[in-house]
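Report on the following structure.
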Amino acid sequence: MNKFIDILHSQPRTIITLLLALIIGGIYSYISIPKESNPDIDIPVFYVSVPQPGISSQDSERLILRPLENKLKGMDGLKQIQSIGAED
């Protein structure tokens, strides 16, 4: 390993040339890769929050979550619904 480092120290022009070639190649690659300013990324998760101050978790499940789940089940492409009812 020490011999390899000694060879590198004895050839500074070669090392600088390789370094410049790598930097120029990296800049060229970065410029030539196609980029989109607003890519279309589908996020498969929706979060629906229904705040109701002063309601118990049982009432929120019975009065809010179940009817909301029944309405949302009719959406196309919906695979899973997860509900959480909490106080306040």
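Identifiers for the structure tokens are assigned positionally: chains receive A, B, ... in sequence, residues are indexed from 1 per chain, and ligands are indexed from 1 in the order shown.
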Name the residues of chain A that fall into alpha helix (DSSP H) according to DSSP on the backbone, using the chain letters and numbers of this document, as a PyMOL selection string.
chain A and resi 2-10+12-32+57-60+66-72
Near stretch 38-48 of chain A, counting only C-alpha atoms, which residues have an atom at most 10 Å away, once you skip same-chain residues fewer than 5 positions from it, shown as JSON, numbers by chain?
{"A": [68, 77, 78, 79, 80, 81, 82, 83]}
Store the residues of this selection in a file with N, CA and C atoms, as a compact mmCIF listing (two decimals), in the first residue's frame.
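Heads up, here's the output in out05.txt:
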```
# COMPACT_ATOMS: atom_id res chain seq x y z
N LEU A 68 -68.35 8.14 7.55
CA LEU A 68 -67.30 8.60 6.65
C LEU A 68 -66.68 7.43 5.90
N GLY A 77 -60.42 2.57 -6.90
CA GLY A 77 -59.00 2.36 -6.63
C GLY A 77 -58.62 2.34 -5.16
N LEU A 78 -59.58 2.46 -4.28
CA LEU A 78 -59.30 2.45 -2.85
C LEU A 78 -59.08 1.02 -2.38
N LYS A 79 -57.95 0.78 -1.74
CA LYS A 79 -57.62 -0.58 -1.30
C LYS A 79 -57.82 -0.78 0.19
N GLN A 80 -57.56 0.26 0.99
CA GLN A 80 -57.59 0.09 2.44
C GLN A 80 -58.04 1.38 3.10
N ILE A 81 -58.80 1.25 4.16
CA ILE A 81 -59.21 2.39 4.99
C ILE A 81 -58.82 2.07 6.41
N GLN A 82 -58.21 3.05 7.06
CA GLN A 82 -57.83 2.90 8.47
C GLN A 82 -58.35 4.11 9.22
N SER A 83 -59.09 3.88 10.29
CA SER A 83 -59.68 4.97 11.07
C SER A 83 -59.20 4.91 12.50
```
Excluding A:Ile84 and any residue of its chain fewer than 2 positions from it, enumerate the residues within 10 Å of it, using only C-alpha atoms, and give them as an mmCIF file with C-alpha atoms, in the first residue's frame.
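Output file out38.cif follows:
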```cif
data_model
loop_
_atom_site.group_PDB
_atom_site.id
_atom_site.type_symbol
_atom_site.label_atom_id
_atom_site.label_comp_id
_atom_site.auth_asym_id
_atom_site.auth_seq_id
_atom_site.Cartn_x
_atom_site.Cartn_y
_atom_site.Cartn_z
ATOM 1 C CA SER A 49 -58.968 14.695 9.673
ATOM 2 C CA SER A 57 -63.979 8.148 21.191
ATOM 3 C CA SER A 60 -66.674 9.756 17.209
ATOM 4 C CA GLU A 61 -66.558 6.202 15.918
ATOM 5 C CA LEU A 65 -65.953 7.440 11.429
ATOM 6 C CA GLN A 82 -57.829 2.896 8.469
ATOM 7 C CA ALA A 86 -59.870 9.677 19.916
#
```
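Counting from atom CA of A:Val50, the distance to atom CA of A:Leu63 is 11.3 Å.
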Give the answer as one residue: which of A:Pro34, A:Asn70, A:Met75, A:Gly85 has the shortest atom-to-atom distance to A:Ile55, using only C-alpha atoms?
A:Gly85
